[in-house]
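Structure file final04.txt with compact mmCIF, C-alpha atoms:
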# COMPACT_ATOMS: atom_id res chain seq x y z
CA MET A 1 -12.36 -25.61 -18.17
CA LYS A 2 -9.96 -22.83 -17.15
CA GLU A 3 -10.14 -19.82 -19.45
CA LYS A 4 -6.78 -18.85 -21.03
CA LYS A 5 -5.57 -15.55 -19.64
CA GLU A 6 -4.86 -12.80 -22.17
CA PRO A 7 -1.16 -11.70 -22.11
CA ARG A 8 -0.75 -8.59 -19.95
CA ALA A 9 0.99 -6.50 -22.63
CA LYS A 10 -1.73 -7.28 -25.19
CA LEU A 11 -4.51 -6.45 -22.72
CA GLU A 12 -2.74 -3.23 -21.76
CA ARG A 13 -2.42 -2.18 -25.43
CA LYS A 14 -6.09 -2.96 -26.03
CA ASN A 15 -7.14 -0.88 -23.03
CA ILE A 16 -4.91 2.05 -24.07
CA LEU A 17 -6.52 2.04 -27.54
CA SER A 18 -9.97 1.88 -25.94
CA LEU A 19 -9.10 4.81 -23.65
CA ALA A 20 -7.76 6.79 -26.65
CA PHE A 21 -11.00 6.11 -28.54
CA TRP A 22 -13.24 7.21 -25.65
CA THR A 23 -11.09 10.28 -24.94
CA GLY A 24 -11.21 11.28 -28.61
CA ALA A 25 -14.98 10.78 -28.68
CA TRP A 26 -15.36 12.85 -25.50
CA VAL A 27 -13.28 15.72 -26.98
CA ILE A 28 -15.36 15.66 -30.21
CA THR A 29 -18.70 15.64 -28.33
CA MET A 30 -17.39 18.42 -26.07
CA ALA A 31 -16.54 20.49 -29.16
CA ILE A 32 -20.00 19.78 -30.62
CA SER A 33 -21.80 20.76 -27.41
CA THR A 34 -19.66 23.91 -27.05
CA PHE A 35 -19.64 25.21 -30.62
CA GLY A 36 -22.84 23.58 -31.91
CA SER A 37 -25.11 26.23 -30.44
CA LEU A 38 -22.90 28.95 -31.96
CA TYR A 39 -22.41 27.59 -35.48
CA LEU A 40 -24.75 24.65 -36.12
CA TRP A 41 -28.16 24.98 -34.48
CA GLU A 42 -28.14 28.59 -33.22
CA SER A 43 -29.64 28.62 -29.72
CA ASN A 44 -31.97 25.62 -30.14
CA ALA A 45 -32.22 24.61 -26.47
CA LEU A 46 -33.33 21.02 -27.18
CA LEU A 47 -30.33 20.30 -29.43
CA SER A 48 -28.01 21.94 -26.91
CA VAL A 49 -29.35 19.73 -24.09
CA LEU A 50 -29.05 16.61 -26.28
CA ALA A 51 -25.46 17.49 -27.20
CA ILE A 52 -24.57 18.04 -23.52
CA LEU A 53 -26.24 14.73 -22.52
CA LEU A 54 -24.34 12.92 -25.27
CA ASN A 55 -21.08 14.51 -24.09
CA PHE A 56 -21.85 13.46 -20.51
CA ALA A 57 -22.64 9.86 -21.53
CA VAL A 58 -19.44 9.60 -23.59
CA GLY A 59 -17.57 11.09 -20.59
CA ILE A 60 -18.87 8.21 -18.43
CA GLY A 61 -17.54 5.80 -21.10
CA MET A 62 -14.17 7.54 -20.93
CA ILE A 63 -14.06 7.19 -17.13
CA LEU A 64 -14.89 3.47 -17.35
CA ALA A 65 -12.22 3.00 -20.05
CA ASN A 66 -9.71 4.73 -17.77
CA ILE A 67 -10.61 2.39 -14.88
CA ARG A 68 -10.15 -0.64 -17.17
CA HIS A 69 -6.80 0.79 -18.29
CA LEU A 70 -5.63 1.29 -14.69
CA ASN A 71 -6.72 -2.24 -13.77
CA SER A 72 -4.64 -3.69 -16.62
CA LEU A 73 -1.43 -2.06 -15.34
CA ASP A 74 1.07 -3.85 -13.12
CA GLU A 75 1.92 -2.69 -9.59
CA LEU A 76 4.80 -0.35 -10.53
CA GLN A 77 2.81 1.28 -13.33
CA ARG A 78 -0.11 1.76 -10.91
CA LYS A 79 2.24 3.37 -8.38
CA ILE A 80 3.47 5.81 -11.06
CA GLN A 81 -0.14 6.59 -12.04
CA LEU A 82 -1.21 7.02 -8.42
CA GLU A 83 1.62 9.46 -7.69
CA ALA A 84 0.88 11.40 -10.90
CA MET A 85 -2.83 11.63 -10.07
CA GLY A 86 -2.01 12.72 -6.51
CA ILE A 87 0.24 15.50 -7.81
CA ALA A 88 -2.29 16.58 -10.46
CA LEU A 89 -5.19 16.60 -7.96
CA GLY A 90 -3.15 18.40 -5.30
CA LEU A 91 -1.99 21.06 -7.76
CA ALA A 92 -5.55 21.42 -9.07
CA VAL A 93 -6.94 22.13 -5.58
CA VAL A 94 -4.07 24.28 -4.28
CA GLY A 95 -3.28 26.04 -7.58
CA GLY A 96 -6.94 26.35 -8.58
CA LEU A 97 -8.04 28.00 -5.34
CA ALA A 98 -5.00 30.31 -5.29
CA TYR A 99 -5.75 31.27 -8.91
CA SER A 100 -9.41 31.90 -8.01
CA SER A 101 -8.32 34.10 -5.09
CA LEU A 102 -6.11 36.11 -7.44
CA ASP A 103 -9.14 36.67 -9.67
CA GLN A 104 -11.45 37.61 -6.80
CA SER A 105 -8.87 40.06 -5.46
CA ASN A 106 -8.60 41.57 -8.97
CA ILE A 107 -4.85 40.98 -8.98
CA ILE A 108 -5.04 39.34 -12.41
CA GLY A 109 -6.67 41.32 -15.18
CA TYR A 110 -8.76 38.47 -16.64
CA ASN A 111 -11.25 35.89 -15.39
CA ALA A 112 -10.02 32.59 -13.89
CA GLU A 113 -11.60 30.07 -16.27
CA ILE A 114 -12.23 26.37 -15.57
CA SER A 115 -10.34 25.61 -18.80
CA HIS A 116 -7.15 27.03 -17.21
CA LEU A 117 -7.56 24.53 -14.37
CA VAL A 118 -8.05 21.65 -16.85
CA ILE A 119 -4.85 22.69 -18.65
CA LEU A 120 -2.98 22.80 -15.30
CA ILE A 121 -4.25 19.30 -14.41
CA GLY A 122 -3.31 17.91 -17.84
CA ILE A 123 0.20 19.39 -17.89
CA SER A 124 1.01 18.45 -14.26
CA TYR A 125 -0.31 14.90 -14.79
CA MET A 126 1.76 14.37 -17.96
CA ALA A 127 4.89 15.85 -16.33
CA ALA A 128 4.44 13.61 -13.27
CA ILE A 129 4.01 10.51 -15.49
CA LEU A 130 7.22 11.35 -17.40
CA ILE A 131 9.15 11.99 -14.16
CA GLY A 132 7.75 8.81 -12.56
CA ASN A 133 8.70 6.68 -15.57
CA SER A 134 12.22 8.10 -15.71
CA ARG A 135 12.64 7.56 -11.93
CA TYR A 136 11.93 3.83 -12.21
CA ARG A 137 13.79 3.27 -15.51
CA MET B 1 15.67 -4.09 -0.34
CA LYS B 2 18.43 -6.14 -1.99
CA ASN B 3 17.63 -9.14 -4.16
CA LYS B 4 19.26 -11.87 -6.24
CA ILE B 5 16.93 -11.67 -9.23
CA LYS B 6 19.60 -10.61 -11.71
CA VAL B 7 21.83 -13.56 -10.71
CA LEU B 8 18.94 -16.05 -10.76
CA ARG B 9 17.78 -14.72 -14.09
CA ALA B 10 21.26 -15.33 -15.50
CA GLU B 11 21.30 -18.87 -14.04
CA TYR B 12 17.95 -19.65 -15.65
CA GLU B 13 19.03 -17.86 -18.87
CA LEU B 14 16.05 -15.55 -18.84
CA THR B 15 15.89 -12.03 -20.21
CA GLN B 16 14.08 -9.33 -18.24
CA GLU B 17 11.33 -9.49 -20.85
CA GLN B 18 10.93 -13.27 -20.45
CA LEU B 19 10.88 -13.08 -16.65
CA ALA B 20 8.36 -10.22 -16.83
CA GLU B 21 6.10 -12.33 -19.04
CA LYS B 22 6.34 -15.33 -16.71
CA VAL B 23 5.33 -13.34 -13.61
CA ASP B 24 2.84 -11.14 -15.49
CA VAL B 25 4.42 -7.70 -15.05
CA SER B 26 6.16 -5.22 -17.36
CA ARG B 27 9.89 -5.35 -18.16
CA GLN B 28 10.20 -1.93 -16.52
CA THR B 29 8.99 -3.45 -13.23
CA ILE B 30 11.55 -6.28 -13.33
CA ASN B 31 14.30 -3.77 -14.10
CA ALA B 32 13.23 -1.48 -11.22
CA ILE B 33 13.12 -4.44 -8.78
CA GLU B 34 16.58 -5.65 -9.89
CA LYS B 35 18.03 -2.18 -9.37
CA GLY B 36 16.41 -1.93 -5.93
CA LYS B 37 14.31 1.07 -6.99
CA PHE B 38 11.01 -0.70 -6.36
CA ASP B 39 10.00 -3.31 -3.79
CA PRO B 40 7.56 -5.91 -5.15
CA SER B 41 4.29 -6.75 -3.45
CA LEU B 42 4.04 -10.01 -1.51
CA PRO B 43 2.06 -11.79 -4.29
CA LEU B 44 4.69 -10.79 -6.88
CA ALA B 45 7.53 -11.86 -4.56
CA PHE B 46 5.77 -15.24 -4.15
CA LYS B 47 5.46 -15.61 -7.94
CA ILE B 48 9.17 -14.87 -8.40
CA SER B 49 10.24 -17.22 -5.59
CA LYS B 50 8.01 -20.00 -6.97
CA LEU B 51 9.49 -19.56 -10.43
CA PHE B 52 13.07 -19.84 -9.11
CA LYS B 53 12.08 -22.61 -6.63
CA MET B 54 13.46 -20.69 -3.65
CA SER B 55 12.01 -19.08 -0.55
CA ILE B 56 11.26 -15.35 -0.55
CA GLU B 57 13.92 -14.80 2.16
CA ASP B 58 16.56 -16.43 -0.04
CA ILE B 59 15.83 -14.04 -2.90
CA PHE B 60 15.01 -10.81 -1.05
CA GLN B 61 17.05 -9.42 1.83
CA ASN B 62 16.27 -6.36 3.89
CA GLU B 63 19.15 -3.89 3.75
Step by step, read the file and then write its structure as structure tokens.
Amino acid sequence: MKEKKEPRAKLERKNILSLAFWTGAWVITMAISTFGSLYLWESNALLSVLAILLNFAVGIGMILANIRHLNSLDELQRKIQLEAMGIALGLAVVGGLAYSSLDQSNIIGYNAEISHLVILIGISYMAAILIGNSRYR
Amino acid sequence: MKNKIKVLRAEYELTQEQLAEKVDVSRQTINAIEKGKFDPSLPLAFKISKLFKMSIEDIFQNE
């Protein structure tokens, strides 16, 4: 017997909620692995390694949830996502290396941190999604 | 690419939302195709032509 296909909008909503859950869990485990050794278990190496492993495992879950989410999108939505990811990745490589060069040349008075790159990726990705959606409205 | 989807949709008394549901895409995609902002893939064009019982060439014309 042919299995009844789940409506696309319902499947998409379910996958967005799943992605939100995994992203939230990843952020929480990242906070635990970052601040745990400072405020909770004070330089206990075993607990630090366990927290990092947990964060890594949840990160894999987040990646898989993102793949499921992308697969539930239709062709226009995938095009918008693809363009946004291309822009975010391109800016991360070009902007990140230029930023690193500024640090190495001591032109900027502070260290170029990986977190700055993550912020750049996040902002450029969100901006590209908003622009892409408004372009095809 | 020009297309007759808006006219056909009116003939069949379908909203964008209803057509989107029938061909398994979002309403945004139907709207973008109607406005000529987005060209559908061949499988989607086949789905639309099958729904309106017309050939792809009769619905979509290259500008």
Using only C-alpha atoms: which of A:Glu12, A:Gly95, A:Ile87, A:Ser101 has the shortest distance to Leu70 in chain A: A:Glu12
Neighbours of Leu120 in chain A within 10 Å (only C-alpha atoms; same-chain residues fewer than 3 positions away dropped), as an mmCIF file with C-alpha atoms, keeping the file's coordinate frame?
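Done, and the output landed in result_30.cif:
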data_model
loop_
_atom_site.group_PDB
_atom_site.id
_atom_site.type_symbol
_atom_site.label_atom_id
_atom_site.label_comp_id
_atom_site.auth_asym_id
_atom_site.auth_seq_id
_atom_site.Cartn_x
_atom_site.Cartn_y
_atom_site.Cartn_z
ATOM 1 C CA ALA A 88 -2.290 16.580 -10.460
ATOM 2 C CA LEU A 89 -5.190 16.600 -7.960
ATOM 3 C CA LEU A 91 -1.990 21.060 -7.760
ATOM 4 C CA ALA A 92 -5.550 21.420 -9.070
ATOM 5 C CA GLY A 95 -3.280 26.040 -7.580
ATOM 6 C CA GLY A 96 -6.940 26.350 -8.580
ATOM 7 C CA ILE A 114 -12.230 26.370 -15.570
ATOM 8 C CA SER A 115 -10.340 25.610 -18.800
ATOM 9 C CA HIS A 116 -7.150 27.030 -17.210
ATOM 10 C CA LEU A 117 -7.560 24.530 -14.370
ATOM 11 C CA ILE A 123 0.200 19.390 -17.890
ATOM 12 C CA SER A 124 1.010 18.450 -14.260
ATOM 13 C CA TYR A 125 -0.310 14.900 -14.790
#
Leaving out Thr15 in chain B and any residue of its chain fewer than 5 positions from it, which residues lie within 10 Å of it when counting only C-alpha atoms, given as an MDAnalysis selection string? chainID B and resid 6 9:10 20:21 27 30
Find the residues of chain A in contact range of chain B, meaning any atom within 9 Å when counting all atoms listed in the file, and list them as a short mmCIF file (atom, residue, chain, number, x, y, z; two decimals) with C-alpha atoms, in the frame of the given file.
data_model
loop_
_atom_site.label_atom_id
_atom_site.label_comp_id
_atom_site.auth_asym_id
_atom_site.auth_seq_id
_atom_site.Cartn_x
_atom_site.Cartn_y
_atom_site.Cartn_z
CA PRO A 7 -1.16 -11.70 -22.11
CA ARG A 8 -0.75 -8.59 -19.95
CA ALA A 9 0.99 -6.50 -22.63
CA LEU A 73 -1.43 -2.06 -15.34
CA ASP A 74 1.07 -3.85 -13.12
CA GLU A 75 1.92 -2.69 -9.59
CA LEU A 76 4.80 -0.35 -10.53
CA GLN A 77 2.81 1.28 -13.33
CA ASN A 133 8.70 6.68 -15.57
CA ARG A 135 12.64 7.56 -11.93
CA TYR A 136 11.93 3.83 -12.21
CA ARG A 137 13.79 3.27 -15.51
#
Near-Phe56 in chain A list (9 Å; only C-alpha atoms; drop same-chain fewer than 3 positions) as a list in words: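 Once the nearby chain positions are removed, what remains is Trp26, Thr29, Met30, Ala51, Ile52, Leu53, Gly59, Ile60 and Gly61 of chain A.
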Nearest residue to Lys4 in chain B out of B:Met54, B:Glu63, B:Glu34, B:Phe46, using only C-alpha atoms? B:Glu34
CA of Asn3 in chain B to CA of Glu17 in chain B: how many Å, to one decimal?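 Distance reported for this atom pair: 17.8 Å.
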Can you tell me, as a ChimeraX atom specification, what residues are no more than 9 Å from Val49 in chain A when counting all atoms listed in the file, ignoring any on the same chain fewer than 5 positions away? /A:33,44,54
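With CA of Val7 in chain B on one side and CA of Lys47 in chain B on the other, the separation reads 16.7 Å.
Interatomic distance, CA of Asn66 in chain A against CA of Asn15 in chain A: 8.1 Å.
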Between A:Ala98, A:Ala127, A:Ile121, A:Leu19, single out the one closest to Leu64 in chain A, counting all atoms listed in the file. A:Leu19
Completed range 59-91 of chain A (N, CA and C atoms) as a CSV table (one decimal), keeping the file's coordinate frame:
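Okay, this is what ended up in part_32.csv:
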chain,number,residue,atom,x,y,z
A,59,GLY,N,-18.5,10.8,-21.7
A,59,GLY,CA,-17.6,11.1,-20.6
A,59,GLY,C,-17.6,9.9,-19.6
A,60,ILE,N,-18.8,9.4,-19.3
A,60,ILE,CA,-18.9,8.2,-18.4
A,60,ILE,C,-18.1,7.0,-19.1
A,61,GLY,N,-18.3,6.9,-20.4
A,61,GLY,CA,-17.5,5.8,-21.1
A,61,GLY,C,-16.0,6.0,-21.0
A,62,MET,N,-15.6,7.2,-21.0
A,62,MET,CA,-14.2,7.5,-20.9
A,62,MET,C,-13.7,7.2,-19.5
A,63,ILE,N,-14.5,7.5,-18.5
A,63,ILE,CA,-14.1,7.2,-17.1
A,63,ILE,C,-13.9,5.7,-16.9
A,64,LEU,N,-14.9,4.9,-17.5
A,64,LEU,CA,-14.9,3.5,-17.4
A,64,LEU,C,-13.7,2.9,-18.1
A,65,ALA,N,-13.4,3.5,-19.3
A,65,ALA,CA,-12.2,3.0,-20.0
A,65,ALA,C,-10.9,3.3,-19.3
A,66,ASN,N,-10.9,4.4,-18.6
A,66,ASN,CA,-9.7,4.7,-17.8
A,66,ASN,C,-9.6,3.7,-16.6
A,67,ILE,N,-10.7,3.4,-16.0
A,67,ILE,CA,-10.6,2.4,-14.9
A,67,ILE,C,-10.1,1.1,-15.4
A,68,ARG,N,-10.6,0.6,-16.6
A,68,ARG,CA,-10.2,-0.6,-17.2
A,68,ARG,C,-8.7,-0.6,-17.5
A,69,HIS,N,-8.2,0.6,-18.0
A,69,HIS,CA,-6.8,0.8,-18.3
A,69,HIS,C,-6.0,0.7,-17.0
A,70,LEU,N,-6.4,1.3,-15.9
A,70,LEU,CA,-5.6,1.3,-14.7
A,70,LEU,C,-5.6,-0.1,-14.1
A,71,ASN,N,-6.7,-0.9,-14.3
A,71,ASN,CA,-6.7,-2.2,-13.8
A,71,ASN,C,-5.8,-3.2,-14.6
A,72,SER,N,-5.5,-2.8,-15.8
A,72,SER,CA,-4.6,-3.7,-16.6
A,72,SER,C,-3.1,-3.4,-16.4
A,73,LEU,N,-2.8,-2.4,-15.6
A,73,LEU,CA,-1.4,-2.1,-15.3
A,73,LEU,C,-0.9,-2.9,-14.2
A,74,ASP,N,0.5,-3.1,-14.2
A,74,ASP,CA,1.1,-3.8,-13.1
A,74,ASP,C,1.3,-2.9,-11.9
A,75,GLU,N,1.9,-3.5,-10.8
A,75,GLU,CA,1.9,-2.7,-9.6
A,75,GLU,C,2.8,-1.5,-9.7
A,76,LEU,N,3.9,-1.5,-10.4
A,76,LEU,CA,4.8,-0.4,-10.5
A,76,LEU,C,4.1,0.7,-11.4
A,77,GLN,N,3.5,0.3,-12.5
A,77,GLN,CA,2.8,1.3,-13.3
A,77,GLN,C,1.7,2.0,-12.6
A,78,ARG,N,1.0,1.2,-11.7
A,78,ARG,CA,-0.1,1.8,-10.9
A,78,ARG,C,0.4,2.8,-9.9
A,79,LYS,N,1.6,2.4,-9.3
A,79,LYS,CA,2.2,3.4,-8.4
A,79,LYS,C,2.6,4.7,-9.1
A,80,ILE,N,3.1,4.6,-10.3
A,80,ILE,CA,3.5,5.8,-11.1
A,80,ILE,C,2.2,6.6,-11.3
A,81,GLN,N,1.1,5.9,-11.8
A,81,GLN,CA,-0.1,6.6,-12.0
A,81,GLN,C,-0.7,7.2,-10.8
A,82,LEU,N,-0.7,6.5,-9.7
A,82,LEU,CA,-1.2,7.0,-8.4
A,82,LEU,C,-0.5,8.3,-8.0
A,83,GLU,N,0.8,8.3,-8.1
A,83,GLU,CA,1.6,9.5,-7.7
A,83,GLU,C,1.3,10.6,-8.6
A,84,ALA,N,1.2,10.3,-9.9
A,84,ALA,CA,0.9,11.4,-10.9
A,84,ALA,C,-0.5,12.0,-10.6
A,85,MET,N,-1.5,11.1,-10.3
A,85,MET,CA,-2.8,11.6,-10.1
A,85,MET,C,-2.9,12.4,-8.8
A,86,GLY,N,-2.1,12.0,-7.8
A,86,GLY,CA,-2.0,12.7,-6.5
A,86,GLY,C,-1.4,14.1,-6.7
A,87,ILE,N,-0.4,14.2,-7.5
A,87,ILE,CA,0.2,15.5,-7.8
A,87,ILE,C,-0.7,16.4,-8.6
A,88,ALA,N,-1.4,15.8,-9.6
A,88,ALA,CA,-2.3,16.6,-10.5
A,88,ALA,C,-3.5,17.1,-9.6
A,89,LEU,N,-4.0,16.2,-8.8
A,89,LEU,CA,-5.2,16.6,-8.0
A,89,LEU,C,-4.8,17.7,-6.9
A,90,GLY,N,-3.6,17.4,-6.3
A,90,GLY,CA,-3.2,18.4,-5.3
A,90,GLY,C,-2.9,19.8,-5.9
A,91,LEU,N,-2.3,19.8,-7.1
A,91,LEU,CA,-2.0,21.1,-7.8
A,91,LEU,C,-3.3,21.7,-8.2
